[in-house]
Amino acid sequence: MIGRILTVGGYTLVSRLTGFLRDVMLAAIIGAGPVADAFFVAFRLPNHFRAIFAEGAFNAAFIPAYARVRTQGGPQAAKLFSDRIFTLLLATQIVLLALALIFTPQAIDLLAPGFSKEPQQFTLAVSLTRITFPYLLLITLVTLWSGILNALNRFSAAAAAPILLNVAMMVTLAMTAFFPSAGHAAAWGVLVSGVLQAVLVGAATWRAGVMTSFRALAWDEDVRRFFKALVPATVGSAGTQLALFADTIIASFLTAGALSALYYADRIDQLPIGVIGIAVGTVLVPEMTRRVSSGDHEGARSAQNRAIEFALLLAIPCVIAFLVVPDLIMKALFMRGAFAAEDAHASALTLVAYTIGLVPFVLIRSVVAPFLARGDTLTPVKAALTGTAVNIACKIALMGSLSQVGLALATSIGAWINFVMVLWLAARAGLIASDATLKSSLIKLGIAGVVFLIFLVIASPAVTYLLSSLSRFRYESELLVLVVLGGAVYGALIAGLFGRRWLSLMRDRAQNAPAAPLAAFEGTSAPAAGPDEI
């Protein structure tokens with residue numbers, strides 16, 4: 001299991017790195033002004049619906065359902081099930097696309113009412129949204145095919161697909177001179193990437209022999225069970241997206257650049273969430289579904305504990321770095337071209353607020369996994385909606401005094417509420433229980449985190465002083481030195497606390513017995529085995 005997490009995480013890391021390069025180009029070419037705000041609204045609208053109808057709700061209901069049907073009924077039953085879902089999904093997305101293109105002005109009025117005071121910005125946002133929205137239909141098909149591949153332990157194509165979004169946008173941004181505006185260039189990059197992603201993942205699905213096709217709809221037991229899980233999952237995803245809608249709506253009334261500050265801060269915050277949290281959840285849900293379906297409940301709980309350990313191990317240095325040197329991160333990564341020092345500072349403050357909720361964001365998929373593995377999407381929704389309600393209430397309370405920082409802080413507060421509730425509900429239902437290895441690892445990770453925090457607090461001003469004479473690439477150099485030194489220090493701490501061979505042993509254990517206790521964390525040996533099938 002850990003090996004598959006590393007595969008997904010590795011591709012996601014490449015995606016985030018290319019996404020960083022994309023955002024550097026966005027910051028330099030578009031900056032953080034009215035055109036940038038209009039594009040980010042156009043980019044967010046299809047992504048809100050994507051999160052509701054595609055990745056969020058759909059994955060939560062489809063992957064466990066497909067894995068269960070294939071385990072219990074065989075490949076033909078799974079093919080019939082996926083074909084029916086494909087037919088229904090494509091039909092509904094075509095209708096949604098038609099409505100969106102017709103009522104785009106009304107959608108922008110709802111999503112960013114503050115734009116109505118700036119007719120040119122409003123018109124631009126409408127134009128860009130009509131370019132980006134077809135991306136939703138394409139990426140919905142990508143999500144379906146990715147779910148099928150993930151259920152078959154084939155993660156590479158789906159994990160690599162988002163890289164194409166970044167590459168396509170960078171190409172079109174480099175050709176800005178051929179478009180009416182930089183916003184148009186970025187928007188067309190989004191649409192082109194949807195086509196490329198559909199081709200990549202669709203080809204992988206076809207090669208695996210599980211490509212979907214049109215099938216007459218039938219309300220059989222498998223479809224009914226899928227929709228029974230999909231409806232509450234959709235409600236939960238809609239609740240989460242409602243909070244993001246609130247961000248966009250409120251930020252459209254704030255000073256110019258607030259939406260952009262939220263975007264750039266969120267992009268940095270999403271690096272560990274995507275590389276760690278989402279990668280772990282992507283692998284853990286089908287892993288637990290198979291074990292629960294075969295009656296191996298102890299193995300499922302052990303897999304969950306190992307996933308939590310691994311996620312925290314990688315997330316802790318990110319949390320500390322985002323809290324200690326956020327200004328340096330923003331200046332080094334984005335402060336060039338149209339992105340000024342005040343934009344970097346606003347984004348840095350927003351990053352700190354987002355980071356307060358980074359731990360629950362990274363761990364939530366691991367904690368929700370036992371519910372999803374059993375087809376229970378309703379219970380996590382109760383927690384998600386509660387967190388969303390608190391989130392929105394805090395946004396309204398904090399927007400006046402803290403501007404976009406208050407919106408990010410409210411998001412973190414809601415994330416903690418959601419996480420604690422899911423944890424409590426899982427413990428009450430007996431679906432999560434920490435073993436001795438997890439308890440020991442949490443103590444060691446806490447020690448490593450405290451020592452790393454002390455190191456970074458001392459090292460940051462020292463590095464700044466030593467490199468203060470540089471006239472060019474000063475901030476980039478400071479960040480690079482801290483990353484190298486910090487990585488060495490944290491790696492030494494982990495090796496010292498968990499055993500010098502912890503990484504190689506973790507890999508061996510992942511290849512041999514994914515759900516067994518991770519002996520590598522205790523410095524013991526594990527037998528080797530062949531590589532995982534990806």
# chains A, B, ... in the order shown; residues from 1 in each chain; ligands from 1
$ closest_atom_pairs --of "stretch 54-149 of chain A" --to "stretch 203-217 of chain A" --cutoff "12 Å" --atoms "only C-alpha atoms" --output "JSON lines"
{"residue": "A:Tyr66", "atom": "CA", "partner": "A:Val210", "partner_atom": "CA", "distance": 11.7}
{"residue": "A:Arg70", "atom": "CA", "partner": "A:Val210", "partner_atom": "CA", "distance": 11.5}
{"residue": "A:Pro75", "atom": "CA", "partner": "A:Val210", "partner_atom": "CA", "distance": 8.7}
{"residue": "A:Gln76", "atom": "CA", "partner": "A:Val210", "partner_atom": "CA", "distance": 9.7}
{"residue": "A:Ala77", "atom": "CA", "partner": "A:Val210", "partner_atom": "CA", "distance": 11.5}
{"residue": "A:Ala78", "atom": "CA", "partner": "A:Val210", "partner_atom": "CA", "distance": 9.0}
{"residue": "A:Lys79", "atom": "CA", "partner": "A:Val210", "partner_atom": "CA", "distance": 6.8}
{"residue": "A:Leu80", "atom": "CA", "partner": "A:Arg215", "partner_atom": "CA", "distance": 7.7}
{"residue": "A:Phe81", "atom": "CA", "partner": "A:Arg215", "partner_atom": "CA", "distance": 9.3}
{"residue": "A:Ser82", "atom": "CA", "partner": "A:Thr212", "partner_atom": "CA", "distance": 6.4}
{"residue": "A:Asp83", "atom": "CA", "partner": "A:Thr212", "partner_atom": "CA", "distance": 5.0}
{"residue": "A:Arg84", "atom": "CA", "partner": "A:Arg215", "partner_atom": "CA", "distance": 5.5}
{"residue": "A:Ile85", "atom": "CA", "partner": "A:Leu217", "partner_atom": "CA", "distance": 8.3}
{"residue": "A:Phe86", "atom": "CA", "partner": "A:Thr212", "partner_atom": "CA", "distance": 6.6}
{"residue": "A:Thr87", "atom": "CA", "partner": "A:Phe214", "partner_atom": "CA", "distance": 5.3}
{"residue": "A:Leu88", "atom": "CA", "partner": "A:Leu217", "partner_atom": "CA", "distance": 7.6}
{"residue": "A:Leu89", "atom": "CA", "partner": "A:Phe214", "partner_atom": "CA", "distance": 10.6}
{"residue": "A:Leu90", "atom": "CA", "partner": "A:Phe214", "partner_atom": "CA", "distance": 9.5}
{"residue": "A:Ala91", "atom": "CA", "partner": "A:Phe214", "partner_atom": "CA", "distance": 10.4}
{"residue": "A:Leu141", "atom": "CA", "partner": "A:Thr212", "partner_atom": "CA", "distance": 9.9}
{"residue": "A:Val142", "atom": "CA", "partner": "A:Thr205", "partner_atom": "CA", "distance": 9.8}
{"residue": "A:Thr143", "atom": "CA", "partner": "A:Thr205", "partner_atom": "CA", "distance": 11.4}
{"residue": "A:Leu144", "atom": "CA", "partner": "A:Thr212", "partner_atom": "CA", "distance": 9.2}
{"residue": "A:Trp145", "atom": "CA", "partner": "A:Thr205", "partner_atom": "CA", "distance": 6.3}
{"residue": "A:Ser146", "atom": "CA", "partner": "A:Thr205", "partner_atom": "CA", "distance": 8.0}
{"residue": "A:Gly147", "atom": "CA", "partner": "A:Thr205", "partner_atom": "CA", "distance": 10.0}
{"residue": "A:Ile148", "atom": "CA", "partner": "A:Val210", "partner_atom": "CA", "distance": 7.7}
{"residue": "A:Leu149", "atom": "CA", "partner": "A:Thr205", "partner_atom": "CA", "distance": 6.7}
$ closest_atom_pairs --of "stretch 191-300 of chain A" --to "stretch 389-405 of chain A" --cutoff "8 Å" --atoms "only C-alpha atoms" --output "Markdown table"
| residue | atom | partner | partner_atom | distance |
| --- | --- | --- | --- | --- |
| A:Ala243 | CA | A:Ile392 | CA | 5.9 |
| A:Ala246 | CA | A:Ile392 | CA | 7.0 |
| A:Asp247 | CA | A:Lys395 | CA | 7.8 |
| A:Ile250 | CA | A:Met399 | CA | 7.7 |
| A:Ala251 | CA | A:Gln404 | CA | 6.6 |
| A:Leu254 | CA | A:Ser403 | CA | 6.9 |
| A:Ala258 | CA | A:Gln404 | CA | 5.8 |
| A:Leu259 | CA | A:Gln404 | CA | 7.6 |
| A:Ala261 | CA | A:Gln404 | CA | 7.5 |
| A:Leu262 | CA | A:Gln404 | CA | 6.6 |
$ residues_around --residues "stretch 92-97 of chain A" --least-positions-apart "6" --cutoff "12 Å" --atoms "only C-alpha atoms" --output "PyMOL selection string"
chain A and resi 45-46+49-50+53-54+85-86+103-104+129-141
$ write_last_selection --atoms "N, CA, C and O atoms" --output "PDB file, in the first residue's frame"
ATOM      1  N   LEU A  45     -15.423  28.139 -11.230  1.00  0.00           N
ATOM      2  CA  LEU A  45     -16.802  27.692 -11.451  1.00  0.00           C
ATOM      3  C   LEU A  45     -16.879  26.241 -11.915  1.00  0.00           C
ATOM      4  O   LEU A  45     -17.570  25.428 -11.282  1.00  0.00           O
ATOM      5  N   PRO A  46     -16.194  25.835 -12.997  1.00  0.00           N
ATOM      6  CA  PRO A  46     -16.252  24.410 -13.354  1.00  0.00           C
ATOM      7  C   PRO A  46     -15.616  23.512 -12.306  1.00  0.00           C
ATOM      8  O   PRO A  46     -16.032  22.363 -12.138  1.00  0.00           O
ATOM      9  N   PHE A  49     -18.183  22.639  -9.568  1.00  0.00           N
ATOM     10  CA  PHE A  49     -19.072  21.564  -9.999  1.00  0.00           C
ATOM     11  C   PHE A  49     -18.314  20.245 -10.119  1.00  0.00           C
ATOM     12  O   PHE A  49     -18.869  19.175  -9.852  1.00  0.00           O
ATOM     13  N   ARG A  50     -17.059  20.323 -10.530  1.00  0.00           N
ATOM     14  CA  ARG A  50     -16.237  19.112 -10.608  1.00  0.00           C
ATOM     15  C   ARG A  50     -16.120  18.466  -9.234  1.00  0.00           C
ATOM     16  O   ARG A  50     -16.245  17.253  -9.085  1.00  0.00           O
ATOM     17  N   PHE A  53     -19.825  17.016  -8.339  1.00  0.00           N
ATOM     18  CA  PHE A  53     -20.362  15.907  -9.110  1.00  0.00           C
ATOM     19  C   PHE A  53     -19.321  14.891  -9.554  1.00  0.00           C
ATOM     20  O   PHE A  53     -19.667  13.768  -9.906  1.00  0.00           O
ATOM     21  N   ALA A  54     -18.070  15.281  -9.562  1.00  0.00           N
ATOM     22  CA  ALA A  54     -17.039  14.378 -10.081  1.00  0.00           C
ATOM     23  C   ALA A  54     -16.180  13.851  -8.954  1.00  0.00           C
ATOM     24  O   ALA A  54     -16.530  12.890  -8.272  1.00  0.00           O
ATOM     25  N   ILE A  85     -23.384   3.576 -15.468  1.00  0.00           N
ATOM     26  CA  ILE A  85     -23.037   4.835 -14.806  1.00  0.00           C
ATOM     27  C   ILE A  85     -22.462   5.815 -15.825  1.00  0.00           C
ATOM     28  O   ILE A  85     -22.773   7.014 -15.797  1.00  0.00           O
ATOM     29  N   PHE A  86     -21.654   5.325 -16.755  1.00  0.00           N
ATOM     30  CA  PHE A  86     -21.084   6.177 -17.810  1.00  0.00           C
ATOM     31  C   PHE A  86     -22.187   6.821 -18.646  1.00  0.00           C
ATOM     32  O   PHE A  86     -22.153   8.030 -18.926  1.00  0.00           O
ATOM     33  N   PHE A 103     -26.746  30.283 -19.243  1.00  0.00           N
ATOM     34  CA  PHE A 103     -26.953  31.144 -18.072  1.00  0.00           C
ATOM     35  C   PHE A 103     -25.634  31.564 -17.412  1.00  0.00           C
ATOM     36  O   PHE A 103     -25.593  31.805 -16.211  1.00  0.00           O
ATOM     37  N   THR A 104     -24.565  31.688 -18.192  1.00  0.00           N
ATOM     38  CA  THR A 104     -23.281  32.100 -17.632  1.00  0.00           C
ATOM     39  C   THR A 104     -23.331  33.451 -16.920  1.00  0.00           C
ATOM     40  O   THR A 104     -22.796  33.586 -15.811  1.00  0.00           O
ATOM     41  N   THR A 129     -15.453  32.176 -18.582  1.00  0.00           N
ATOM     42  CA  THR A 129     -16.180  31.017 -18.046  1.00  0.00           C
ATOM     43  C   THR A 129     -16.763  30.170 -19.164  1.00  0.00           C
ATOM     44  O   THR A 129     -16.794  28.932 -19.073  1.00  0.00           O
ATOM     45  N   ARG A 130     -17.221  30.812 -20.229  1.00  0.00           N
ATOM     46  CA  ARG A 130     -17.765  30.048 -21.354  1.00  0.00           C
ATOM     47  C   ARG A 130     -16.686  29.234 -22.061  1.00  0.00           C
ATOM     48  O   ARG A 130     -16.978  28.244 -22.737  1.00  0.00           O
ATOM     49  N   ILE A 131     -15.448  29.651 -21.909  1.00  0.00           N
ATOM     50  CA  ILE A 131     -14.328  28.870 -22.464  1.00  0.00           C
ATOM     51  C   ILE A 131     -13.974  27.713 -21.533  1.00  0.00           C
ATOM     52  O   ILE A 131     -13.732  26.583 -21.984  1.00  0.00           O
ATOM     53  N   THR A 132     -13.953  27.956 -20.222  1.00  0.00           N
ATOM     54  CA  THR A 132     -13.475  26.941 -19.280  1.00  0.00           C
ATOM     55  C   THR A 132     -14.527  25.900 -18.918  1.00  0.00           C
ATOM     56  O   THR A 132     -14.174  24.775 -18.553  1.00  0.00           O
ATOM     57  N   PHE A 133     -15.814  26.233 -19.010  1.00  0.00           N
ATOM     58  CA  PHE A 133     -16.817  25.327 -18.444  1.00  0.00           C
ATOM     59  C   PHE A 133     -16.893  23.961 -19.137  1.00  0.00           C
ATOM     60  O   PHE A 133     -17.157  22.958 -18.466  1.00  0.00           O
ATOM     61  N   PRO A 134     -16.698  23.855 -20.469  1.00  0.00           N
ATOM     62  CA  PRO A 134     -16.698  22.510 -21.072  1.00  0.00           C
ATOM     63  C   PRO A 134     -15.650  21.569 -20.477  1.00  0.00           C
ATOM     64  O   PRO A 134     -15.748  20.341 -20.631  1.00  0.00           O
ATOM     65  N   TYR A 135     -14.650  22.131 -19.809  1.00  0.00           N
ATOM     66  CA  TYR A 135     -13.653  21.319 -19.106  1.00  0.00           C
ATOM     67  C   TYR A 135     -14.323  20.358 -18.126  1.00  0.00           C
ATOM     68  O   TYR A 135     -13.841  19.239 -17.908  1.00  0.00           O
ATOM     69  N   LEU A 136     -15.470  20.801 -17.545  1.00  0.00           N
ATOM     70  CA  LEU A 136     -16.164  19.966 -16.552  1.00  0.00           C
ATOM     71  C   LEU A 136     -16.616  18.645 -17.156  1.00  0.00           C
ATOM     72  O   LEU A 136     -16.445  17.589 -16.544  1.00  0.00           O
ATOM     73  N   LEU A 137     -17.192  18.688 -18.355  1.00  0.00           N
ATOM     74  CA  LEU A 137     -17.663  17.451 -18.982  1.00  0.00           C
ATOM     75  C   LEU A 137     -16.504  16.496 -19.223  1.00  0.00           C
ATOM     76  O   LEU A 137     -16.601  15.294 -18.932  1.00  0.00           O
ATOM     77  N   LEU A 138     -15.420  17.019 -19.754  1.00  0.00           N
ATOM     78  CA  LEU A 138     -14.257  16.180 -20.044  1.00  0.00           C
ATOM     79  C   LEU A 138     -13.662  15.585 -18.779  1.00  0.00           C
ATOM     80  O   LEU A 138     -13.334  14.391 -18.722  1.00  0.00           O
ATOM     81  N   ILE A 139     -13.534  16.409 -17.750  1.00  0.00           N
ATOM     82  CA  ILE A 139     -12.876  15.934 -16.539  1.00  0.00           C
ATOM     83  C   ILE A 139     -13.776  14.993 -15.746  1.00  0.00           C
ATOM     84  O   ILE A 139     -13.298  14.167 -14.957  1.00  0.00           O
ATOM     85  N   THR A 140     -15.097  15.073 -15.968  1.00  0.00           N
ATOM     86  CA  THR A 140     -16.003  14.118 -15.337  1.00  0.00           C
ATOM     87  C   THR A 140     -15.782  12.720 -15.903  1.00  0.00           C
ATOM     88  O   THR A 140     -15.778  11.725 -15.163  1.00  0.00           O
ATOM     89  N   LEU A 141     -15.592  12.633 -17.213  1.00  0.00           N
ATOM     90  CA  LEU A 141     -15.272  11.340 -17.817  1.00  0.00           C
ATOM     91  C   LEU A 141     -13.917  10.834 -17.317  1.00  0.00           C
ATOM     92  O   LEU A 141     -13.746   9.639 -17.053  1.00  0.00           O
TER      93      LEU A 141
END
$ atom_distance --atom1 "atom CA of A:Leu333" --atom2 "atom CA of A:Tyr465"
19.6 Å
